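See below for target.cif, which holds mmCIF, C-alpha atoms.
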data_entry
loop_
_atom_site.group_PDB
_atom_site.id
_atom_site.type_symbol
_atom_site.label_atom_id
_atom_site.label_comp_id
_atom_site.auth_asym_id
_atom_site.auth_seq_id
_atom_site.Cartn_x
_atom_site.Cartn_y
_atom_site.Cartn_z
ATOM 1 C CA MET H 13 -50.161 13.269 -20.473
ATOM 2 C CA ASN H 14 -48.078 10.610 -18.736
ATOM 3 C CA SER H 15 -44.472 11.461 -17.861
ATOM 4 C CA PRO H 16 -41.864 8.990 -19.133
ATOM 5 C CA TYR H 17 -40.157 9.220 -15.762
ATOM 6 C CA PRO H 18 -41.710 7.330 -12.854
ATOM 7 C CA ASP H 19 -42.602 9.263 -9.738
ATOM 8 C CA ASN H 20 -41.703 6.480 -7.376
ATOM 9 C CA VAL H 21 -37.917 6.424 -7.910
ATOM 10 C CA PRO H 22 -36.403 5.850 -4.465
ATOM 11 C CA ALA H 23 -34.103 8.575 -3.080
ATOM 12 C CA ALA H 24 -30.441 7.835 -2.591
ATOM 13 C CA PRO H 25 -29.561 6.573 0.844
ATOM 14 C CA GLU H 26 -28.413 9.128 3.388
ATOM 15 C CA ASP H 27 -24.857 7.810 3.458
ATOM 16 C CA GLU H 28 -24.700 7.921 -0.362
ATOM 17 C CA ARG H 29 -25.778 11.576 -0.384
ATOM 18 C CA GLU H 30 -23.115 12.377 2.178
ATOM 19 C CA ARG H 31 -20.479 10.605 0.091
ATOM 20 C CA LEU H 32 -21.445 12.565 -3.012
ATOM 21 C CA ALA H 33 -21.369 15.826 -1.084
ATOM 22 C CA VAL H 34 -17.876 15.118 0.210
ATOM 23 C CA THR H 35 -16.357 13.964 -3.073
ATOM 24 C CA THR H 36 -17.937 16.644 -5.254
ATOM 25 C CA PRO H 37 -15.275 19.347 -5.766
ATOM 26 C CA PRO H 38 -16.254 22.961 -5.110
ATOM 27 C CA GLU H 39 -16.692 25.301 -8.025
ATOM 28 C CA PRO H 40 -13.499 27.230 -8.829
ATOM 29 C CA THR H 41 -13.295 30.848 -7.804
ATOM 30 C CA PRO H 42 -13.540 33.215 -10.804
ATOM 31 C CA ALA H 43 -10.390 35.163 -11.572
ATOM 32 C CA GLU H 44 -12.082 38.448 -10.798
ATOM 33 C CA HIS H 45 -12.823 37.248 -7.278
ATOM 34 C CA VAL H 46 -9.193 36.549 -6.408
ATOM 35 C CA PRO H 47 -8.464 38.717 -3.363
ATOM 36 C CA ILE H 48 -6.310 41.770 -4.021
ATOM 37 C CA TYR H 49 -5.629 42.711 -0.426
ATOM 38 C CA ILE H 50 -3.746 40.013 1.417
ATOM 39 C CA SER H 51 -2.791 39.426 5.002
ATOM 40 C CA ARG H 52 0.607 39.393 6.685
ATOM 41 C CA SER H 53 0.724 35.600 6.741
ATOM 42 C CA GLU H 54 0.080 35.401 2.992
ATOM 43 C CA PHE H 55 2.937 37.799 2.279
ATOM 44 C CA GLU H 56 5.279 35.880 4.555
ATOM 45 C CA ALA H 57 4.466 32.722 2.592
ATOM 46 C CA GLY H 58 6.606 34.110 -0.245
ATOM 47 C CA PRO H 59 5.791 35.545 -3.680
ATOM 48 C CA PHE H 60 5.801 32.168 -5.450
ATOM 49 C CA GLN H 61 3.759 30.215 -2.891
ATOM 50 C CA ASP H 62 0.485 32.120 -3.090
ATOM 51 C CA GLN H 63 -2.568 31.276 -5.132
ATOM 52 C CA SER H 64 -2.933 34.626 -6.907
ATOM 53 C CA PRO H 65 -2.671 34.703 -10.734
ATOM 54 C CA SER H 66 0.776 36.336 -10.567
ATOM 55 C CA PRO H 67 3.035 37.706 -7.842
ATOM 56 C CA ASP H 68 3.184 40.958 -9.816
ATOM 57 C CA ALA H 69 -0.593 41.365 -9.410
ATOM 58 C CA ARG H 70 -0.427 41.399 -5.626
ATOM 59 C CA THR H 71 -0.804 44.993 -4.508
ATOM 60 C CA PRO H 72 -3.026 46.956 -2.146
ATOM 61 C CA PHE H 73 -3.190 49.884 -4.597
ATOM 62 C CA ARG H 74 -5.990 50.808 -6.982
ATOM 63 C CA TRP H 75 -6.063 53.033 -10.056
ATOM 64 C CA MET H 76 -7.530 55.903 -8.051
ATOM 65 C CA ASP H 77 -4.584 55.660 -5.660
ATOM 66 C CA LEU H 78 -2.227 56.397 -8.555
ATOM 67 C CA ALA H 79 -4.200 59.560 -9.309
ATOM 68 C CA TYR H 80 -3.983 60.558 -5.648
ATOM 69 C CA LEU H 81 -0.240 59.840 -5.714
ATOM 70 C CA VAL H 82 0.354 62.134 -8.685
ATOM 71 C CA LEU H 83 -1.758 64.905 -7.128
ATOM 72 C CA PHE H 84 0.035 64.551 -3.804
ATOM 73 C CA TYR H 85 3.454 64.579 -5.464
ATOM 74 C CA PHE H 86 2.932 67.834 -7.359
ATOM 75 C CA VAL H 87 1.033 69.715 -4.654
ATOM 76 C CA CYS H 88 3.369 68.631 -1.867
ATOM 77 C CA GLY H 89 6.405 69.288 -4.078
ATOM 78 C CA GLY H 90 5.328 72.875 -4.703
ATOM 79 C CA LEU H 91 4.600 73.499 -1.027
ATOM 80 C CA LEU H 92 7.909 72.046 0.124
ATOM 81 C CA THR H 93 9.843 74.186 -2.360
ATOM 82 C CA LEU H 94 8.142 77.305 -0.959
ATOM 83 C CA ILE H 95 8.826 76.191 2.610
ATOM 84 C CA VAL H 96 12.519 75.509 1.951
ATOM 85 C CA ALA H 97 12.895 78.836 0.117
ATOM 86 C CA ALA H 98 11.238 80.603 3.064
ATOM 87 C CA GLY H 99 13.605 78.783 5.433
ATOM 88 C CA ALA H 100 16.591 79.973 3.389
ATOM 89 C CA PHE H 101 15.388 83.551 3.821
ATOM 90 C CA VAL H 102 14.611 83.266 7.551
ATOM 91 C CA PHE H 103 17.718 81.357 8.666
ATOM 92 C CA PHE H 104 20.327 82.390 6.095
ATOM 93 C CA GLY H 105 19.042 85.759 4.872
ATOM 94 C CA ILE H 106 18.820 84.619 1.244
ATOM 95 C CA SER H 107 16.108 86.735 -0.346
ATOM 96 C CA PRO H 108 14.060 85.486 -3.312
ATOM 97 C CA SER H 109 15.960 87.828 -5.637
ATOM 98 C CA ALA H 110 19.320 86.595 -4.313
ATOM 99 C CA LEU H 111 18.069 83.046 -4.679
ATOM 100 C CA GLU H 112 17.413 83.653 -8.364
ATOM 101 C CA LYS H 113 20.931 85.030 -8.880
ATOM 102 C CA SER H 114 22.809 82.311 -6.980
ATOM 103 C CA THR H 115 23.042 79.013 -8.812
ATOM 104 C CA ALA H 116 24.384 77.194 -5.749
ATOM 105 C CA ALA H 117 21.656 78.490 -3.434
ATOM 106 C CA ARG H 118 18.880 77.794 -5.919
ATOM 107 C CA SER H 119 20.191 74.296 -6.586
ATOM 108 C CA SER H 120 20.440 73.601 -2.865
ATOM 109 C CA VAL H 121 16.813 74.617 -2.361
ATOM 110 C CA LEU H 122 15.699 72.329 -5.188
ATOM 111 C CA ILE H 123 17.712 69.349 -3.937
ATOM 112 C CA ILE H 124 16.603 69.743 -0.309
ATOM 113 C CA SER H 125 12.996 70.098 -1.447
ATOM 114 C CA GLN H 126 13.313 66.917 -3.515
ATOM 115 C CA ALA H 127 14.774 65.003 -0.578
ATOM 116 C CA LEU H 128 11.913 66.113 1.683
ATOM 117 C CA LEU H 129 9.403 65.254 -1.033
ATOM 118 C CA SER H 130 10.864 61.762 -1.289
ATOM 119 C CA GLY H 131 10.295 61.201 2.420
ATOM 120 C CA ALA H 132 6.784 62.645 2.247
ATOM 121 C CA THR H 133 5.908 60.393 -0.692
ATOM 122 C CA LEU H 134 7.021 57.285 1.188
ATOM 123 C CA ALA H 135 4.900 58.430 4.141
ATOM 124 C CA PHE H 136 1.912 58.834 1.810
ATOM 125 C CA LEU H 137 2.366 55.317 0.427
ATOM 126 C CA TYR H 138 2.742 53.951 3.951
ATOM 127 C CA ALA H 139 -0.565 55.552 4.963
ATOM 128 C CA VAL H 140 -2.338 54.013 1.955
ATOM 129 C CA VAL H 141 -0.931 50.534 2.663
ATOM 130 C CA ARG H 142 -1.839 50.743 6.342
ATOM 131 C CA GLY H 143 -5.393 51.711 5.410
ATOM 132 C CA ARG H 144 -5.801 48.756 3.046
ATOM 133 C CA SER H 145 -3.778 45.819 4.334
ATOM 134 C CA SER H 146 -2.175 44.317 7.419
ATOM 135 C CA ALA H 147 0.821 43.155 5.355
ATOM 136 C CA PRO H 148 4.288 44.574 6.158
ATOM 137 C CA PHE H 149 4.824 47.837 4.290
ATOM 138 C CA TRP H 150 7.999 46.967 2.381
ATOM 139 C CA GLN H 151 6.679 43.572 1.332
ATOM 140 C CA ALA H 152 3.425 45.180 0.223
ATOM 141 C CA MET H 153 5.548 47.494 -1.943
ATOM 142 C CA GLY H 154 7.195 44.511 -3.606
ATOM 143 C CA TRP H 155 10.427 44.424 -1.577
ATOM 144 C CA ARG H 156 10.627 40.657 -1.141
ATOM 145 C CA ALA H 157 13.561 38.364 -0.428
ATOM 146 C CA PHE H 158 15.685 37.042 -3.276
ATOM 147 C CA ARG H 159 15.058 33.458 -4.279
ATOM 148 C CA ASN H 160 18.799 32.877 -4.552
ATOM 149 C CA MET H 161 20.369 32.113 -1.180
ATOM 150 C CA ALA H 162 23.771 33.460 -2.300
ATOM 151 C CA LEU H 163 22.735 36.969 -1.307
ATOM 152 C CA SER H 164 26.088 38.729 -1.673
ATOM 153 C CA ALA H 165 26.734 37.312 -5.145
ATOM 154 C CA THR H 166 23.195 38.204 -6.210
ATOM 155 C CA ILE H 167 23.551 41.806 -5.071
ATOM 156 C CA VAL H 168 26.930 42.194 -6.768
ATOM 157 C CA ARG H 169 25.518 40.780 -10.002
ATOM 158 C CA TYR H 170 22.677 43.300 -10.066
ATOM 159 C CA ILE H 171 24.972 46.226 -9.216
ATOM 160 C CA LEU H 172 27.351 45.231 -12.002
ATOM 161 C CA GLY H 173 24.330 45.010 -14.281
ATOM 162 C CA GLY H 174 23.595 48.635 -13.389
ATOM 163 C CA PHE H 175 27.192 49.560 -14.254
ATOM 164 C CA ALA H 176 26.840 47.869 -17.638
ATOM 165 C CA LEU H 177 23.498 49.552 -18.282
ATOM 166 C CA ALA H 178 25.023 52.971 -17.595
ATOM 167 C CA VAL H 179 27.900 52.279 -19.997
ATOM 168 C CA VAL H 180 25.522 51.185 -22.771
ATOM 169 C CA VAL H 181 23.213 54.187 -22.239
ATOM 170 C CA GLY H 182 26.213 56.526 -22.219
ATOM 171 C CA TRP H 183 27.419 55.061 -25.523
ATOM 172 C CA LEU H 184 23.951 55.341 -27.075
ATOM 173 C CA GLY H 185 23.792 58.935 -25.894
ATOM 174 C CA ASN H 186 26.469 59.785 -28.433
ATOM 175 C CA PHE H 187 23.996 58.979 -31.222
ATOM 176 C CA VAL H 188 20.955 60.855 -29.914
ATOM 177 C CA GLY H 189 22.837 64.043 -29.057
ATOM 178 C CA ARG H 190 23.520 65.688 -25.735
ATOM 179 C CA ASP H 191 21.395 68.804 -25.656
ATOM 180 C CA SER H 192 22.819 71.715 -23.705
ATOM 181 C CA GLY H 193 20.834 74.218 -21.714
ATOM 182 C CA ILE H 194 18.612 71.619 -20.051
ATOM 183 C CA PRO H 195 17.408 72.488 -16.513
ATOM 184 C CA MET H 196 19.327 69.577 -14.977
ATOM 185 C CA GLU H 197 22.668 71.151 -15.955
ATOM 186 C CA GLU H 198 22.149 73.920 -13.414
ATOM 187 C CA LEU H 199 22.630 71.422 -10.589
ATOM 188 C CA PHE H 200 26.154 70.584 -11.811
ATOM 189 C CA ARG H 201 27.660 74.074 -11.726
ATOM 190 C CA SER H 202 28.775 74.238 -8.101
ATOM 191 C CA ARG H 203 30.663 71.757 -5.952
ATOM 192 C CA GLN H 204 28.132 72.055 -3.136
ATOM 193 C CA SER H 205 25.127 71.256 -5.319
ATOM 194 C CA VAL H 206 26.935 68.370 -7.034
ATOM 195 C CA LEU H 207 27.811 66.753 -3.703
ATOM 196 C CA MET H 208 24.225 67.153 -2.504
ATOM 197 C CA LEU H 209 22.948 65.754 -5.776
ATOM 198 C CA MET H 210 25.266 62.782 -5.463
ATOM 199 C CA GLY H 211 23.884 62.025 -2.029
ATOM 200 C CA LEU H 212 20.324 62.328 -3.323
ATOM 201 C CA GLY H 213 20.976 60.323 -6.481
ATOM 202 C CA ILE H 214 22.783 57.441 -4.788
ATOM 203 C CA LEU H 215 21.251 57.201 -1.319
ATOM 204 C CA VAL H 216 17.671 58.389 -1.827
ATOM 205 C CA ALA H 217 16.514 58.301 -5.453
ATOM 206 C CA PRO H 218 16.954 54.549 -6.127
ATOM 207 C CA VAL H 219 14.923 53.606 -3.042
ATOM 208 C CA VAL H 220 12.115 56.090 -3.619
ATOM 209 C CA GLU H 221 11.835 55.769 -7.397
ATOM 210 C CA GLU H 222 11.887 51.974 -7.321
ATOM 211 C CA THR H 223 9.248 51.937 -4.590
ATOM 212 C CA ILE H 224 7.009 54.312 -6.546
ATOM 213 C CA PHE H 225 7.417 52.933 -10.066
ATOM 214 C CA ARG H 226 8.265 49.252 -9.603
ATOM 215 C CA GLY H 227 6.549 48.780 -6.235
ATOM 216 C CA CYS H 228 3.380 50.837 -6.655
ATOM 217 C CA ILE H 229 2.640 51.715 -10.284
ATOM 218 C CA TYR H 230 3.856 48.569 -12.047
ATOM 219 C CA PRO H 231 1.720 46.037 -10.096
ATOM 220 C CA VAL H 232 -1.456 48.046 -10.741
ATOM 221 C CA ILE H 233 -0.829 48.110 -14.491
ATOM 222 C CA ALA H 234 0.288 44.456 -14.591
ATOM 223 C CA ARG H 235 -2.820 43.329 -12.726
ATOM 224 C CA LYS H 236 -5.088 44.967 -15.311
ATOM 225 C CA PHE H 237 -3.203 44.603 -18.600
ATOM 226 C CA GLY H 238 -0.624 41.884 -18.015
ATOM 227 C CA ILE H 239 3.054 41.787 -17.171
ATOM 228 C CA THR H 240 4.418 42.755 -20.615
ATOM 229 C CA THR H 241 2.238 45.852 -20.848
ATOM 230 C CA GLY H 242 3.077 46.673 -17.254
ATOM 231 C CA ILE H 243 6.804 46.537 -17.980
ATOM 232 C CA VAL H 244 6.612 48.783 -21.048
ATOM 233 C CA ALA H 245 4.098 51.247 -19.593
ATOM 234 C CA THR H 246 5.956 51.620 -16.309
ATOM 235 C CA GLY H 247 9.242 52.162 -18.144
ATOM 236 C CA ALA H 248 7.632 54.844 -20.295
ATOM 237 C CA LEU H 249 6.209 56.605 -17.243
ATOM 238 C CA PHE H 250 9.618 56.451 -15.570
ATOM 239 C CA GLY H 251 11.276 58.211 -18.505
ATOM 240 C CA LEU H 252 8.511 60.782 -18.909
ATOM 241 C CA ALA H 253 8.657 61.616 -15.198
ATOM 242 C CA HIS H 254 12.159 63.011 -15.836
ATOM 243 C CA ALA H 255 11.077 65.066 -18.853
ATOM 244 C CA GLN H 256 10.875 68.302 -16.867
ATOM 245 C CA GLN H 257 14.431 67.886 -15.589
ATOM 246 C CA LEU H 258 15.659 67.306 -19.138
ATOM 247 C CA GLY H 259 13.731 70.227 -20.608
ATOM 248 C CA GLY H 260 12.211 68.255 -23.461
ATOM 249 C CA ALA H 261 15.485 66.703 -24.668
ATOM 250 C CA TRP H 262 13.631 63.801 -26.232
ATOM 251 C CA GLY H 263 16.694 61.814 -27.163
ATOM 252 C CA GLN H 264 17.731 61.634 -23.504
ATOM 253 C CA ILE H 265 14.134 61.050 -22.415
ATOM 254 C CA GLY H 266 13.909 58.127 -24.839
ATOM 255 C CA LEU H 267 17.042 56.603 -23.314
ATOM 256 C CA LEU H 268 15.560 56.965 -19.831
ATOM 257 C CA ILE H 269 12.402 55.218 -21.032
ATOM 258 C CA CYS H 270 14.600 52.310 -22.127
ATOM 259 C CA VAL H 271 16.309 52.359 -18.728
ATOM 260 C CA GLY H 272 12.905 52.280 -17.045
ATOM 261 C CA ILE H 273 11.830 49.298 -19.149
ATOM 262 C CA VAL H 274 15.017 47.411 -18.234
ATOM 263 C CA LEU H 275 14.553 48.164 -14.524
ATOM 264 C CA THR H 276 10.931 47.025 -14.597
ATOM 265 C CA TYR H 277 11.861 43.857 -16.489
ATOM 266 C CA VAL H 278 14.470 43.043 -13.841
ATOM 267 C CA ARG H 279 11.898 43.588 -11.105
ATOM 268 C CA ALA H 280 9.369 41.343 -12.876
ATOM 269 C CA ARG H 281 11.904 38.628 -13.615
ATOM 270 C CA ALA H 282 13.281 38.521 -10.066
ATOM 271 C CA GLY H 283 9.908 38.940 -8.360
ATOM 272 C CA THR H 284 11.218 41.678 -6.062
ATOM 273 C CA VAL H 285 11.821 45.423 -6.183
ATOM 274 C CA ALA H 286 15.164 44.797 -4.465
ATOM 275 C CA ALA H 287 16.570 43.525 -7.769
ATOM 276 C CA SER H 288 15.732 46.665 -9.746
ATOM 277 C CA TYR H 289 16.904 48.770 -6.797
ATOM 278 C CA PHE H 290 20.429 47.349 -6.946
ATOM 279 C CA VAL H 291 20.545 47.794 -10.730
ATOM 280 C CA HIS H 292 19.343 51.389 -10.279
ATOM 281 C CA LEU H 293 21.906 51.931 -7.527
ATOM 282 C CA GLY H 294 24.718 50.668 -9.755
ATOM 283 C CA TYR H 295 23.472 52.794 -12.664
ATOM 284 C CA ASN H 296 23.388 56.047 -10.678
ATOM 285 C CA THR H 297 26.651 55.317 -8.882
ATOM 286 C CA ILE H 298 28.652 54.787 -12.062
ATOM 287 C CA LEU H 299 27.157 57.938 -13.627
ATOM 288 C CA PHE H 300 28.220 60.113 -10.698
ATOM 289 C CA ALA H 301 31.575 58.354 -10.426
ATOM 290 C CA GLY H 302 32.215 59.055 -14.103
ATOM 291 C CA PHE H 303 31.271 62.708 -13.655
ATOM 292 C CA TYR H 304 33.570 62.960 -10.626
ATOM 293 C CA VAL H 305 36.513 61.582 -12.558
ATOM 294 C CA ALA H 306 35.790 63.616 -15.698
ATOM 295 C CA THR H 307 35.758 66.879 -13.734
ATOM 296 C CA GLY H 308 39.018 66.157 -11.892
ATOM 297 C CA GLY H 309 37.362 65.548 -8.541
ATOM 298 C CA LEU H 310 34.783 68.314 -9.135
ATOM 299 C CA ARG H 311 37.513 70.911 -9.693
ATOM 300 C CA HIS H 312 36.518 71.661 -13.288
ATOM 301 C CA LEU H 313 32.728 71.842 -13.366
ATOM 302 C CA PRO H 314 30.959 72.680 -16.641
ATOM 303 C CA GLY H 315 29.695 76.257 -16.762
ATOM 304 C CA ALA H 316 31.206 77.119 -13.381
#

Full structure transcribed into C-alpha cells:
Amino acid sequence: MNSPYPDNVPAAPEDERERLAVTTPPEPTPAEHVPIYISRSEFEAGPFQDQSPSPDARTPFRWMDLAYLVLFYFVCGGLLTLIVAAGAFVFFGISPSALEKSTAARSSVLIISQALLSGATLAFLYAVVRGRSSAPFWQAMGWRAFRNMALSATIVRYILGGFALAVVVGWLGNFVGRDSGIPMEELFRSRQSVLMLMGLGILVAPVVEETIFRGCIYPVIARKFGITTGIVATGALFGLAHAQQLGGAWGQIGLLICVGIVLTYVRARAGTVAASYFVHLGYNTILFAGFYVATGGLRHLPGA
C-alpha cells in the first residue's frame, strides 16, 4: 500500500534546525518538582523574589520531622524535669517530698525545666536545618526581613496589635468562664514563680513558640494543604498544645486557638515570623502587666 506522504521530503537546513531548537521554549517544571530545600543565595533573594509556588511553602522540614519534633519535645521535657528536680535535691537539699509540698519550689522546677526545654528544642531544629539546607537558620525558620522599610513603626504597630488582641481575648473570657483549679494557677501563687514566669513568658516563649508553630509547623501544612488550611490547623495546634496547662478548660483553650489563628494569619500576611513574634510579645506583655497591676505589684497573689 502506498503511503500518502512522500519519502523524499528534504530535511530542514542545519541553521533552521538550530533556530528552532533555540526558540522552542523548554517544558515547564511540574509543581511537584519545585525544589523544597533551597540554598543560602535563594533565601537572601527575599521571600517574594523566588520562583516557588508560595513563600509559605519554603521550608526544609518534612512531615516526619514534625513527628520527631513532638517525640523529642515530650521525651526531652520529661528528662529535663527529672534532672532539674535532682539538681534541686543535690544543691539545695530539696527532697522530692518537700518539692511536692512547696508550691514555690515546684513551680521553679517546672519553669526552669521549660526554659531549658525551649533551648533544647531550638537546638534540635537547628540540627535538622543544618542537615537539610545551607540556608541561614533563622531565615529557614521563616524569620525574614519586613517589606516595610519603616522598621520601628512596623514593630510598634505589631506590638500594639498584640495589646489589642489581649484586651479582646480578656473581654471574651468573661463569656466563656474562668475555670479555677487549673494547673497553670499554681505558678501564680508565689512572687518568685511569678517573676520567673514573667521572664519566661516575655523573653523566651514568644521566640520559641513562634519558631516552632509559625516557622516550622505552619509551612509544612501550608505546602501540602494550602495557606488557609495551614493557618487554621496551626492555630488549632497552638491552642491544643496549651491544653495540659489549662487542665481541660475548653473555653480558655478555644480562645487560645483563636489567638493561634490570628498569629498565624499575621505571619502569613507579612511573610515573616517576626511579625507574629511581635504580636505575641505584645500579647504576653500586656497579660503579665495587667496581672502585675491587679495584684498590687505582686503583693496580693491569688491563693497565696

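Distance annotation: of H:Phe187, H:Trp150, H:Tyr80, H:Phe200, the residue with the minimal separation from Ser119 of chain H is H:Phe200; atom set is all atoms listed in the file.
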
| For Ile229 of chain H, which residue among H:Ile95, H:Leu258, H:Leu78, H:Leu209 is the nearest when counting all atoms listed in the file? | H:Leu78

| query | atom CA of Arg70 of chain H and atom CA of Ala234 of chain H, how far apart in Å? | reply |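 Distance between the two atoms: 9.5 Å.
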
| Proximity to Gly259 of chain H - best of H:Ser145, H:Gly272, H:Ile194, H:Cys88, all atoms listed in the file |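 Closest to Gly259 of chain H of all the choices is H:Ile194.
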
Resolved residues for the PyMOL selection byres ((chain H and resi 171) around 9) as a compact mmCIF listing (two decimals) with C-alpha atoms, keeping the file's coordinate frame:
# COMPACT_ATOMS: atom_id res chain seq x y z
CA THR H 166 23.20 38.20 -6.21
CA ILE H 167 23.55 41.81 -5.07
CA VAL H 168 26.93 42.19 -6.77
CA ARG H 169 25.52 40.78 -10.00
CA TYR H 170 22.68 43.30 -10.07
CA LEU H 172 27.35 45.23 -12.00
CA GLY H 173 24.33 45.01 -14.28
CA GLY H 174 23.60 48.64 -13.39
CA PHE H 175 27.19 49.56 -14.25
CA ALA H 176 26.84 47.87 -17.64
CA ALA H 287 16.57 43.52 -7.77
CA TYR H 289 16.90 48.77 -6.80
CA PHE H 290 20.43 47.35 -6.95
CA VAL H 291 20.54 47.79 -10.73
CA HIS H 292 19.34 51.39 -10.28
CA LEU H 293 21.91 51.93 -7.53
CA GLY H 294 24.72 50.67 -9.76
CA TYR H 295 23.47 52.79 -12.66

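Near Pro108 of chain H, within a cut-off of 9 Å and counting only C-alpha atoms, sit the residues Ala97, Ala98, Phe101, Leu111, Glu112 and Lys113 of chain H, with same-chain residues fewer than 3 positions away left out.
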
Neighbouring residues of Gly154 of chain H were defined as those with any atom within 6 Å, considering all atoms listed in the file; residues of the same chain fewer than 5 positions away were excluded. Please report them as an mmCIF file with C-alpha atoms, keeping the file's coordinate frame.
data_model
loop_
_atom_site.group_PDB
_atom_site.id
_atom_site.type_symbol
_atom_site.label_atom_id
_atom_site.label_comp_id
_atom_site.auth_asym_id
_atom_site.auth_seq_id
_atom_site.Cartn_x
_atom_site.Cartn_y
_atom_site.Cartn_z
ATOM 1 C CA GLY H 227 6.549 48.780 -6.235
ATOM 2 C CA THR H 284 11.218 41.678 -6.062
ATOM 3 C CA VAL H 285 11.821 45.423 -6.183
#

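Atom CA of Thr276 of chain H to atom CA of Gly89 of chain H spans 25.0 Å [interatomic distance, one decimal].
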
| field | Pairwise distance for atom CA of Ser146 of chain H and atom CA of Cys228 of chain H, rounded to one decimal in Å | value |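 Between atom CA of Ser146 of chain H and atom CA of Cys228 of chain H the gap works out to 16.5 Å.
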
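Near segment 241-253 of chain H, within 8 Å and counting all atoms listed in the file, sit Phe225, Arg226, Ile229, Tyr230, Pro231, Ile233, Ala234, Phe237, Ile265, Gly266, Leu267, Leu268, Ile269, Cys270, Val271, Gly272, Ile273, Val274, Leu275, Thr276, Tyr277 and Ala280 of chain H; same-chain residues fewer than 4 positions away were not included.
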
What does the file look like for those residues with C-alpha atoms, as a PDB file, in the frame of the given file?
ATOM      1  CA  PHE H 225       7.417  52.933 -10.066  1.00  0.00           C
ATOM      2  CA  ARG H 226       8.265  49.252  -9.603  1.00  0.00           C
ATOM      3  CA  ILE H 229       2.640  51.715 -10.284  1.00  0.00           C
ATOM      4  CA  TYR H 230       3.856  48.569 -12.047  1.00  0.00           C
ATOM      5  CA  PRO H 231       1.720  46.037 -10.096  1.00  0.00           C
ATOM      6  CA  ILE H 233      -0.829  48.110 -14.491  1.00  0.00           C
ATOM      7  CA  ALA H 234       0.288  44.456 -14.591  1.00  0.00           C
ATOM      8  CA  PHE H 237      -3.203  44.603 -18.600  1.00  0.00           C
ATOM      9  CA  ILE H 265      14.134  61.050 -22.415  1.00  0.00           C
ATOM     10  CA  GLY H 266      13.909  58.127 -24.839  1.00  0.00           C
ATOM     11  CA  LEU H 267      17.042  56.603 -23.314  1.00  0.00           C
ATOM     12  CA  LEU H 268      15.560  56.965 -19.831  1.00  0.00           C
ATOM     13  CA  ILE H 269      12.402  55.218 -21.032  1.00  0.00           C
ATOM     14  CA  CYS H 270      14.600  52.310 -22.127  1.00  0.00           C
ATOM     15  CA  VAL H 271      16.309  52.359 -18.728  1.00  0.00           C
ATOM     16  CA  GLY H 272      12.905  52.280 -17.045  1.00  0.00           C
ATOM     17  CA  ILE H 273      11.830  49.298 -19.149  1.00  0.00           C
ATOM     18  CA  VAL H 274      15.017  47.411 -18.234  1.00  0.00           C
ATOM     19  CA  LEU H 275      14.553  48.164 -14.524  1.00  0.00           C
ATOM     20  CA  THR H 276      10.931  47.025 -14.597  1.00  0.00           C
ATOM     21  CA  TYR H 277      11.861  43.857 -16.489  1.00  0.00           C
ATOM     22  CA  ALA H 280       9.369  41.343 -12.876  1.00  0.00           C
TER      23      ALA H 280
END

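Remark: for Ser205 of chain H, the closest of the candidate residues H:Ala301, H:Met153, H:Leu310, H:Leu129 is H:Leu310 (distances computed over only C-alpha atoms).
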